[in-house]
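Enquirer: Sharing a structure, written as structure tokens. Questions coming.
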Amino acid sequence: MRLHIKNGRIVDPASGKEGSGDVFIADGRISPEGGKADRVIDAKGLVVAPGFIDLSARLREPGYEYKATLESEMDAAVSGGVTSLACPPDTDPPLDEPGLVDMLRRRAKALSRARVYPVGALTVKLEGEALTEMGQLTDAGCVAFSQANVPMADTQVLWRALQYAATFGYPVWLRAEDASLAKGGVAHDGEVATRLGLPGIPAFAETIALATLLELVRATRARVHVCRLSTAGGVELMRRAKQEGLPVTCDVGVHHVHLCDMDLGYFDSQCRLEPPLRSQRDRDALSRGLVEGVVDCICSDHTPVDEDGKHLPFAQAEPGATGLELLLPLTLRWGQANKLGLAATLARITSEPARILGVASGRLAPGAPADVVLFDPAAPLKVAPETLKSQGKNTPFLGYELAGRVRTTIVAGNVVYEQ
Amino acid sequence: MQRNPQLNAKGELQHLLSIEGLPREILLQILDTAESFVGVTEREVKKVPLLRGKSVFNLFFEPSTRTRTTFEIAAKRLSADVINLNITVSSATKGESLLDTVANLSAMQADIFIVRHEFSGAPFLIARHVKPHEHVINAGDGRHAHPTQGLLDLFTIRHYKKDFTGLTVAIVGDILHSRVARSLIHGLTTLGVPEVRVIGPQTLIPAGVEALGVRVFHDMREGLKGCDVVVMLRLQNERMRGALLPSAQEFNKHYGLSGDKLGLARPDAIVMHPGPMNRGVEIDSTVADGPHSVILPQVTFGIAVRMAVMSIVAGN
């Protein structure tokens, strides 16, 4: 299959190239020049960019099919322009055995939509006690190892896990949250939680855990990616760690660069997220850290939750928000707010996560996998349950008017979504 | 920010969920209405027909005797039919969801739901899902709010002190877990009390509480100086030992209200407590039963205040 995309405004964050031109695709890859195309796609008025790469999207399989299925979430991914996604191991059972990982990959492949990169469990059942068979899990397709949102209570196990992973060069993706300090908390410990009478999680639950983690990276030289940074203090620790040359990267969830604890309003359970939405000051520091490159990339942290999980008092409500279909409009909104060009904005969901994931996609260079998205950056998007393909209709942005709609998504040279 | 969910389109009280965000006029309307009911509770026939034919459901997801009883008495004095539901031993343990429980009761033609729940915000969730003619009154949700207790405290203060605008009020003890403290703080600041103090150890003072308009004191003697009103909070048994406090005795030493400490407040200071009291822990018997104590009148006023709230929401 040979495709010719013409008349588009090409934006390739990896090379910084931006301008009008043509993109040719042959045999599943970006091709330097066009021969006779099987299909010509007119991208007049549209941006042509590499497909988006999301470092955290929960597909809810296996185990939570009542919340979402691979079909519904893969539809959501490609309609949001996400062509590659990493899924965290907090399924039921968790992704701690090669057979489970293999099955997930096969199921995803059979659907032939987005590419799925499973993140394996770092410890058996995510219990934080025994290490998983990381070698065999890597052979089965795991790209990294993680505890998802389950904090590691035992620092010695964490140390051993990082030593072991570093021995073989396996990347470890962890959230920084002190298990004891976060215990029982459901909101940022501050004025808003005090007013609403919600048990708080102090900001230092993140910075203490992050300082520990960075010290262990210093000792083990493990490659660590810090997931879902949430505090200004966390951004500063990452800045210093990078200046020092530690092998660390980090991301932020897309909700956390837009929202803060004030958005909880009158106990809006759509704002029950992990990590919690923190203060305005933290939100601004995360956004600025992302502009400066201290924070490497944005992920959707897509977490479909069913209605029953949200129709509960705030503390009992299940944490998480749907995000795959809002990743583009919310990233564009962040870029605009910070007066960034389109290439710099899109880098945070294309070339930067590609670098962390270690994949060749995320760019439009000849020879790269032909994962391409065509979108209209100005087209309005009204966020409503009926417009979301994901089975999770839970988002703090319900009712918002956002801008940015995907028109065509191409994975490995095949058109997998068209609007 | 959403519209205040307690008020209807005309800005009248549809539900009573929290004192926070209520305009001064509505607080005064409740206190004035309660004033008129104090007379009713002192009559030989203690009934008025304001809620005749209405059904009041006492929906308690957390055990309570005192608050539930005062709501029941208040509803009966307004001639309403009262149904008491102790949910902790019925639906919740059978796995029925909060909203299903409410939908079922709503199908039984309820007019007012009195809700107590262990989780902050639960009455807001219920208020969002009831029918337009139904009313929700928060009887205590988690650590968040206990608005009728706050209102009866305000009523008591006004009864003895007449005016709010010159007062210094101290609230002492476990502020962190106290919905009573939060509701009273909002009420006092809304009604113009110039100095509201909270007194307690760091472990029991929540983060950023100054933003509610209070001054924090850790030294009780310092904090009581010049106070017109001293509100002692109940210390829950399970919090008397552990990581928050070493012991009840030690708490009493630092933060228990003794006659000696009370001497630092103004000579005409009143002492309040939402009950039930732990004598010898947060308050000494000599003070609880002494001339400054208005703890029993608080209970009496509580019935008039709850009658006022129910009659006002039912009329809107």
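Residues are referred to by chain and number: the chain letter is A, B, ... according to the order shown in the structure tokens, the number counts from 1 in that chain, and ligands are numbered separately from 1 in the order shown.
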Fewer than 5 positions away in the same chain doesn't count, so skip those; otherwise give me all residues within 7 Å of Thr165 (chain B), counting only C-alpha atoms, as an mmCIF file with N, CA and C atoms, in the first residue's frame.
Expert:
```
data_model
loop_
_atom_site.group_PDB
_atom_site.id
_atom_site.type_symbol
_atom_site.label_atom_id
_atom_site.label_comp_id
_atom_site.auth_asym_id
_atom_site.auth_seq_id
_atom_site.Cartn_x
_atom_site.Cartn_y
_atom_site.Cartn_z
ATOM 1 N N GLY B 192 -19.334 38.209 60.830
ATOM 2 C CA GLY B 192 -18.535 39.380 61.187
ATOM 3 C C GLY B 192 -17.753 39.292 62.476
ATOM 4 N N VAL B 193 -17.538 38.093 63.013
ATOM 5 C CA VAL B 193 -16.699 37.984 64.210
ATOM 6 C C VAL B 193 -15.257 38.347 63.831
ATOM 7 N N PRO B 194 -14.679 39.350 64.484
ATOM 8 C CA PRO B 194 -13.371 39.840 64.041
ATOM 9 C C PRO B 194 -12.212 38.899 64.372
#
```
Enquirer: May I ask you to extract the residues of chain A within 8 Å of chain B, using only C-alpha atoms, and to give them as JSON, numbers by chain?
Expert: {"A": [189, 190, 191, 194, 195, 196, 197, 198, 263, 265, 266, 267, 311, 312, 313, 314, 315, 316]}
Enquirer: Those residues you just picked out, can you put them in a file as a PDB file, in the first residue's frame with N, CA and C atoms?
Expert:
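Generated output (result01.pdb):
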```pdb
ATOM      1  N   ASP A 189      -2.903  17.917  50.291  1.00  0.00           N
ATOM      2  CA  ASP A 189      -3.013  18.427  51.654  1.00  0.00           C
ATOM      3  C   ASP A 189      -2.796  19.933  51.626  1.00  0.00           C
ATOM      4  N   GLY A 190      -3.849  20.670  51.730  1.00  0.00           N
ATOM      5  CA  GLY A 190      -3.753  22.131  51.671  1.00  0.00           C
ATOM      6  C   GLY A 190      -5.111  22.721  51.972  1.00  0.00           C
ATOM      7  N   GLU A 191      -5.215  23.987  51.647  1.00  0.00           N
ATOM      8  CA  GLU A 191      -6.412  24.769  51.940  1.00  0.00           C
ATOM      9  C   GLU A 191      -7.713  24.107  51.455  1.00  0.00           C
ATOM     10  N   THR A 194      -8.562  20.973  53.391  1.00  0.00           N
ATOM     11  CA  THR A 194      -8.965  21.380  54.738  1.00  0.00           C
ATOM     12  C   THR A 194     -10.402  21.890  54.733  1.00  0.00           C
ATOM     13  N   ARG A 195     -10.720  22.718  53.753  1.00  0.00           N
ATOM     14  CA  ARG A 195     -12.069  23.274  53.645  1.00  0.00           C
ATOM     15  C   ARG A 195     -13.109  22.180  53.403  1.00  0.00           C
ATOM     16  N   LEU A 196     -12.769  21.227  52.528  1.00  0.00           N
ATOM     17  CA  LEU A 196     -13.724  20.170  52.186  1.00  0.00           C
ATOM     18  C   LEU A 196     -13.701  19.018  53.190  1.00  0.00           C
ATOM     19  N   GLY A 197     -12.757  19.054  54.122  1.00  0.00           N
ATOM     20  CA  GLY A 197     -12.683  17.960  55.086  1.00  0.00           C
ATOM     21  C   GLY A 197     -12.265  16.643  54.455  1.00  0.00           C
ATOM     22  N   LEU A 198     -11.354  16.717  53.479  1.00  0.00           N
ATOM     23  CA  LEU A 198     -10.861  15.507  52.828  1.00  0.00           C
ATOM     24  C   LEU A 198      -9.473  15.170  53.357  1.00  0.00           C
ATOM     25  N   ASP A 263     -10.214  23.029  41.434  1.00  0.00           N
ATOM     26  CA  ASP A 263     -11.210  22.490  40.514  1.00  0.00           C
ATOM     27  C   ASP A 263     -12.083  21.401  41.142  1.00  0.00           C
ATOM     28  N   GLY A 265     -14.066  21.895  43.357  1.00  0.00           N
ATOM     29  CA  GLY A 265     -15.364  22.554  43.526  1.00  0.00           C
ATOM     30  C   GLY A 265     -16.107  21.989  44.721  1.00  0.00           C
ATOM     31  N   TYR A 266     -17.317  21.518  44.477  1.00  0.00           N
ATOM     32  CA  TYR A 266     -18.106  20.878  45.529  1.00  0.00           C
ATOM     33  C   TYR A 266     -17.979  19.365  45.393  1.00  0.00           C
ATOM     34  N   PHE A 267     -16.816  18.845  45.678  1.00  0.00           N
ATOM     35  CA  PHE A 267     -16.579  17.399  45.691  1.00  0.00           C
ATOM     36  C   PHE A 267     -16.770  16.742  44.323  1.00  0.00           C
ATOM     37  N   HIS A 311     -19.986   7.764  40.867  1.00  0.00           N
ATOM     38  CA  HIS A 311     -21.169   8.227  41.608  1.00  0.00           C
ATOM     39  C   HIS A 311     -21.072   7.846  43.074  1.00  0.00           C
ATOM     40  N   LEU A 312     -20.046   8.336  43.718  1.00  0.00           N
ATOM     41  CA  LEU A 312     -19.784   8.011  45.112  1.00  0.00           C
ATOM     42  C   LEU A 312     -19.232   9.257  45.780  1.00  0.00           C
ATOM     43  N   PRO A 313     -19.302   9.317  47.127  1.00  0.00           N
ATOM     44  CA  PRO A 313     -18.635  10.420  47.811  1.00  0.00           C
ATOM     45  C   PRO A 313     -17.164  10.471  47.379  1.00  0.00           C
ATOM     46  N   PHE A 314     -16.620  11.676  47.311  1.00  0.00           N
ATOM     47  CA  PHE A 314     -15.300  11.897  46.718  1.00  0.00           C
ATOM     48  C   PHE A 314     -14.251  10.869  47.150  1.00  0.00           C
ATOM     49  N   ALA A 315     -14.152  10.637  48.455  1.00  0.00           N
ATOM     50  CA  ALA A 315     -13.086   9.751  48.946  1.00  0.00           C
ATOM     51  C   ALA A 315     -13.295   8.310  48.516  1.00  0.00           C
ATOM     52  N   GLN A 316     -14.539   7.925  48.298  1.00  0.00           N
ATOM     53  CA  GLN A 316     -14.815   6.547  47.901  1.00  0.00           C
ATOM     54  C   GLN A 316     -14.765   6.364  46.391  1.00  0.00           C
TER      55      GLN A 316
END
```
Enquirer: Which residue gives the smallest distance to Val372 (chain A) among A:Val416, A:Leu328, A:Ile356, A:Val48, with only C-alpha atoms counted?
Expert: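 Looking only at the distances to Val372 (chain A), the closest residue turns out to be A:Val48.
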Enquirer: Would you kindly return, as a tab-separated table (two decimals) with C-alpha atoms, in the first residue's frame, each protein, DNA or RNA residue with an atom no farther than 10 Å from any atom of region 208-210 of chain A, considering only C-alpha atoms and excluding same-chain residues fewer than 4 positions away?
Expert:
```tsv
chain	number	residue	atom	x	y	z
A	151	PRO	CA	3.66	2.45	45.98
A	152	MET	CA	6.72	0.48	46.94
A	155	THR	CA	12.90	0.63	50.24
A	174	LEU	CA	7.88	4.54	38.84
A	175	ARG	CA	5.64	7.05	40.50
A	176	ALA	CA	7.21	8.87	43.39
A	177	GLU	CA	4.88	8.59	46.35
A	178	ASP	CA	5.72	7.63	49.91
A	179	ALA	CA	3.33	4.85	50.85
A	181	LEU	CA	2.60	9.55	53.92
A	203	ALA	CA	3.40	17.44	48.66
A	204	PHE	CA	6.37	15.98	50.50
A	214	LEU	CA	17.11	9.55	42.92
A	215	GLU	CA	19.57	8.49	45.62
A	216	LEU	CA	19.04	4.87	44.58
A	226	VAL	CA	9.44	9.05	36.91
A	229	LEU	CA	5.11	14.21	38.61
A	233	GLY	CA	9.29	20.41	44.58
A	234	GLY	CA	9.35	17.31	42.38
A	237	LEU	CA	14.49	17.64	42.26
A	238	MET	CA	14.28	16.42	38.67
```
Enquirer: Can you list, as a tab-separated table (two decimals) with C-alpha atoms, in the first residue's frame, all residues belonging to region 25-214 of chain B that DSSP tags as alpha helix (DSSP H)?
Expert:
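Below you can see selection-v5.tsv, which holds the result:
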```tsv
chain	number	residue	atom	x	y	z
B	25	GLU	CA	-29.02	37.09	55.22
B	26	ILE	CA	-29.84	33.39	55.09
B	27	LEU	CA	-27.91	32.71	58.30
B	28	LEU	CA	-29.80	35.50	60.04
B	29	GLN	CA	-33.12	34.27	58.62
B	30	ILE	CA	-32.43	30.85	60.16
B	31	LEU	CA	-31.42	32.33	63.53
B	32	ASP	CA	-34.46	34.66	63.61
B	33	THR	CA	-36.82	31.84	62.67
B	34	ALA	CA	-35.27	29.67	65.39
B	35	GLU	CA	-35.91	32.48	67.86
B	36	SER	CA	-39.61	32.24	67.13
B	37	PHE	CA	-39.54	28.47	67.72
B	38	VAL	CA	-37.86	28.71	71.12
B	39	GLY	CA	-41.27	29.82	72.40
B	40	VAL	CA	-42.94	26.76	70.88
B	41	THR	CA	-40.60	24.38	72.64
B	42	GLU	CA	-41.48	26.01	75.95
B	66	ARG	CA	-28.04	12.68	69.89
B	67	THR	CA	-28.22	14.43	66.52
B	68	ARG	CA	-30.76	11.97	65.15
B	69	THR	CA	-32.98	12.39	68.19
B	70	THR	CA	-32.91	16.18	68.06
B	71	PHE	CA	-33.84	16.11	64.36
B	72	GLU	CA	-36.65	13.69	65.15
B	73	ILE	CA	-38.00	15.89	67.93
B	74	ALA	CA	-37.72	18.99	65.74
B	75	ALA	CA	-39.58	17.32	62.85
B	76	LYS	CA	-42.32	16.06	65.17
B	77	ARG	CA	-42.81	19.51	66.67
B	91	SER	CA	-28.67	-1.56	52.84
B	92	ALA	CA	-25.08	-0.41	52.98
B	93	THR	CA	-24.01	-3.72	54.44
B	94	LYS	CA	-25.95	-5.51	51.70
B	98	LEU	CA	-25.86	5.31	48.28
B	99	LEU	CA	-27.80	6.64	45.30
B	100	ASP	CA	-29.92	3.48	45.03
B	101	THR	CA	-30.87	3.82	48.68
B	102	VAL	CA	-31.90	7.41	48.13
B	103	ALA	CA	-33.82	6.60	44.94
B	104	ASN	CA	-35.77	3.93	46.80
B	105	LEU	CA	-36.69	6.25	49.63
B	106	SER	CA	-37.58	8.95	47.16
B	107	ALA	CA	-40.05	6.51	45.60
B	122	ALA	CA	-21.92	12.57	50.55
B	123	PRO	CA	-24.89	14.96	51.10
B	124	PHE	CA	-23.76	16.98	48.05
B	125	LEU	CA	-23.88	13.84	45.95
B	126	ILE	CA	-27.39	13.07	47.21
B	127	ALA	CA	-28.57	16.65	46.69
B	128	ARG	CA	-27.46	16.45	43.05
B	129	HIS	CA	-29.68	13.43	42.47
B	147	PRO	CA	-24.16	22.96	59.56
B	148	THR	CA	-27.04	22.60	62.03
B	149	GLN	CA	-24.53	22.22	64.88
B	150	GLY	CA	-22.73	25.32	63.59
B	151	LEU	CA	-26.04	27.20	63.47
B	152	LEU	CA	-27.05	26.21	66.98
B	153	ASP	CA	-23.62	27.33	68.17
B	154	LEU	CA	-24.19	30.68	66.44
B	155	PHE	CA	-27.66	30.87	67.97
B	156	THR	CA	-26.23	30.24	71.44
B	157	ILE	CA	-23.52	32.85	70.99
B	158	ARG	CA	-26.05	35.43	69.81
B	159	HIS	CA	-28.37	34.56	72.67
B	160	TYR	CA	-25.72	35.31	75.29
B	161	LYS	CA	-23.57	37.92	73.52
B	179	ARG	CA	-16.81	19.07	61.03
B	180	VAL	CA	-18.24	21.10	63.92
B	181	ALA	CA	-15.20	23.40	63.88
B	182	ARG	CA	-15.33	23.91	60.12
B	183	SER	CA	-19.02	24.82	60.13
B	184	LEU	CA	-18.70	27.16	63.08
B	185	ILE	CA	-15.65	28.93	61.58
B	186	HIS	CA	-17.57	29.69	58.36
B	187	GLY	CA	-20.57	30.91	60.33
B	188	LEU	CA	-18.54	33.17	62.61
B	189	THR	CA	-16.55	34.76	59.79
B	190	THR	CA	-19.72	35.30	57.71
```
Enquirer: I'd like to know which residues of region 66-231 of chain B are strand (DSSP E or B) (by DSSP, run on the backbone); could you write them as a PyMOL selection string?
Expert: chain B and resi 81-86+112-117+135-141+145+168-172+195-199+215-217+229-231
Enquirer: How would the residues just picked look written out with N, CA and C atoms as a compact mmCIF listing (two decimals), in the first residue's frame?
Expert:
```
# COMPACT_ATOMS: atom_id res chain seq x y z
N ASP B 81 -44.18 13.63 59.60
CA ASP B 81 -44.01 12.20 59.88
C ASP B 81 -42.51 11.90 59.77
N VAL B 82 -41.99 11.20 60.75
CA VAL B 82 -40.54 10.95 60.78
C VAL B 82 -40.27 9.47 60.63
N ILE B 83 -39.38 9.16 59.72
CA ILE B 83 -38.98 7.76 59.53
C ILE B 83 -37.48 7.69 59.79
N ASN B 84 -37.09 6.84 60.74
CA ASN B 84 -35.67 6.72 61.07
C ASN B 84 -35.06 5.52 60.37
N LEU B 85 -33.99 5.74 59.65
CA LEU B 85 -33.31 4.63 58.98
C LEU B 85 -31.87 4.58 59.42
N ASN B 86 -31.51 3.46 59.98
CA ASN B 86 -30.14 3.29 60.41
C ASN B 86 -29.44 2.45 59.34
N ILE B 112 -38.08 15.52 52.96
CA ILE B 112 -36.79 16.00 53.48
C ILE B 112 -35.94 14.79 53.87
N PHE B 113 -34.70 14.80 53.41
CA PHE B 113 -33.73 13.80 53.85
C PHE B 113 -32.76 14.45 54.82
N ILE B 114 -32.65 13.88 56.01
CA ILE B 114 -31.63 14.32 56.95
C ILE B 114 -30.50 13.30 56.81
N VAL B 115 -29.33 13.74 56.38
CA VAL B 115 -28.29 12.77 56.03
C VAL B 115 -27.06 12.92 56.92
N ARG B 116 -26.65 11.83 57.50
CA ARG B 116 -25.32 11.80 58.11
C ARG B 116 -24.52 10.69 57.43
N HIS B 117 -23.27 11.02 57.09
CA HIS B 117 -22.45 10.04 56.36
C HIS B 117 -21.01 10.18 56.81
N HIS B 135 -35.67 17.89 49.66
CA HIS B 135 -34.65 18.71 50.31
C HIS B 135 -33.69 17.83 51.09
N VAL B 136 -32.44 18.24 51.10
CA VAL B 136 -31.42 17.48 51.83
C VAL B 136 -30.84 18.38 52.91
N ILE B 137 -30.78 17.84 54.13
CA ILE B 137 -30.13 18.57 55.23
C ILE B 137 -28.97 17.72 55.72
N ASN B 138 -27.82 18.32 55.73
CA ASN B 138 -26.61 17.63 56.15
C ASN B 138 -26.57 17.57 57.68
N ALA B 139 -26.54 16.35 58.21
CA ALA B 139 -26.45 16.19 59.67
C ALA B 139 -25.05 15.74 60.07
N GLY B 140 -24.08 16.07 59.20
CA GLY B 140 -22.69 15.71 59.50
C GLY B 140 -22.13 14.80 58.43
N ASP B 141 -21.10 15.29 57.67
CA ASP B 141 -20.46 14.45 56.66
C ASP B 141 -18.95 14.44 56.86
N ALA B 145 -18.58 19.03 57.27
CA ALA B 145 -19.52 20.03 57.77
C ALA B 145 -20.58 19.42 58.67
N THR B 168 -14.29 37.76 70.39
CA THR B 168 -13.16 36.88 70.16
C THR B 168 -13.61 35.48 70.55
N VAL B 169 -13.53 34.55 69.60
CA VAL B 169 -14.01 33.18 69.82
C VAL B 169 -12.86 32.21 69.62
N ALA B 170 -12.68 31.29 70.58
CA ALA B 170 -11.64 30.27 70.44
C ALA B 170 -12.28 28.90 70.31
N ILE B 171 -11.76 28.11 69.38
CA ILE B 171 -12.23 26.73 69.20
C ILE B 171 -11.02 25.85 69.53
N VAL B 172 -11.21 24.91 70.47
CA VAL B 172 -10.06 24.22 71.04
C VAL B 172 -10.13 22.71 70.83
N GLU B 195 -12.34 38.09 65.42
CA GLU B 195 -11.22 37.23 65.75
C GLU B 195 -11.69 35.81 66.09
N VAL B 196 -11.37 34.89 65.20
CA VAL B 196 -11.67 33.48 65.45
C VAL B 196 -10.33 32.77 65.60
N ARG B 197 -10.17 32.05 66.72
CA ARG B 197 -8.91 31.36 66.98
C ARG B 197 -9.13 29.86 67.00
N VAL B 198 -8.16 29.13 66.54
CA VAL B 198 -8.17 27.68 66.75
C VAL B 198 -6.95 27.33 67.58
N ILE B 199 -7.16 26.45 68.54
CA ILE B 199 -6.10 26.11 69.48
C ILE B 199 -5.93 24.59 69.51
N ARG B 215 -6.93 32.46 63.35
CA ARG B 215 -5.56 32.54 63.87
C ARG B 215 -5.27 31.24 64.61
N VAL B 216 -4.09 30.70 64.39
CA VAL B 216 -3.73 29.43 65.01
C VAL B 216 -2.90 29.68 66.26
N PHE B 217 -3.28 29.02 67.36
CA PHE B 217 -2.50 29.05 68.60
C PHE B 217 -2.18 27.62 69.02
N VAL B 229 -15.89 33.74 73.95
CA VAL B 229 -16.54 32.44 73.77
C VAL B 229 -15.44 31.38 73.63
N VAL B 230 -15.58 30.28 74.38
CA VAL B 230 -14.64 29.17 74.26
C VAL B 230 -15.43 27.92 73.85
N VAL B 231 -15.09 27.38 72.70
CA VAL B 231 -15.78 26.18 72.21
C VAL B 231 -14.82 25.01 72.32
```
Enquirer: I'd like the contact shell of Asn252 (chain B) - 9 Å cut-off, only C-alpha atoms, skipping same-chain residues fewer than 3 positions apart - returned as an MDAnalysis selection string.
Expert: chainID B and resid 247:249 255:258 280:284
Enquirer: Which residues are close to Ser56 (chain A), i.e. within 6 Å by only C-alpha atoms, leaving aside same-chain residues fewer than 2 positions away? Reply as a PyMOL selection string.
Expert: chain A and resi 54+86-87+299+301
Enquirer: Store the residues of this selection in a file with N, CA and C atoms, as a PDB file, in the first residue's frame.
Expert:
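File part_37.pdb, as written:
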```pdb
ATOM      1  N   ASP A  54       1.718   7.700  23.766  1.00  0.00           N
ATOM      2  CA  ASP A  54       1.189   7.924  25.116  1.00  0.00           C
ATOM      3  C   ASP A  54       1.837   6.922  26.062  1.00  0.00           C
ATOM      4  N   ALA A  86       1.777   2.874  25.840  1.00  0.00           N
ATOM      5  CA  ALA A  86       2.291   1.940  26.833  1.00  0.00           C
ATOM      6  C   ALA A  86       1.199   1.734  27.864  1.00  0.00           C
ATOM      7  N   CYS A  87       0.961   0.456  28.224  1.00  0.00           N
ATOM      8  CA  CYS A  87      -0.100   0.225  29.213  1.00  0.00           C
ATOM      9  C   CYS A  87       0.517  -0.266  30.512  1.00  0.00           C
ATOM     10  N   CYS A 299       1.600  12.608  29.208  1.00  0.00           N
ATOM     11  CA  CYS A 299       0.834  11.408  28.870  1.00  0.00           C
ATOM     12  C   CYS A 299      -0.625  11.627  29.270  1.00  0.00           C
ATOM     13  N   ASP A 301      -2.503   9.429  30.805  1.00  0.00           N
ATOM     14  CA  ASP A 301      -2.853   8.660  32.015  1.00  0.00           C
ATOM     15  C   ASP A 301      -4.300   8.179  31.939  1.00  0.00           C
TER      16      ASP A 301
END
```
Enquirer: Compile the contact shell of region 389-401 of chain A as a PyMOL selection string: residues with an atom at most 10 Å away, counting only C-alpha atoms, same-chain residues fewer than 6 positions apart removed.
Expert: chain A and resi 59+65-80+255+259+263-264+268-273+302-307+309-310+319-326+329-330+380-383
Enquirer: Could you check which of A:Leu55, A:Thr138, A:His188, A:Leu122 is closest to Arg160 (chain A), using only C-alpha atoms?
Expert: A:Leu122
Enquirer: Which polymer residues have any atom within 8 Å of an atom of His273 (chain B), counting only C-alpha atoms, with same-chain residues fewer than 2 positions away left out, as a PyMOL selection string?
Expert: chain B and resi 231-234+271+275-277+295
Enquirer: Could you please determine the separation between CA of Thr88 (chain B) and CA of Lys131 (chain B) in Å, to one decimal place?
Expert: 24.1 Å
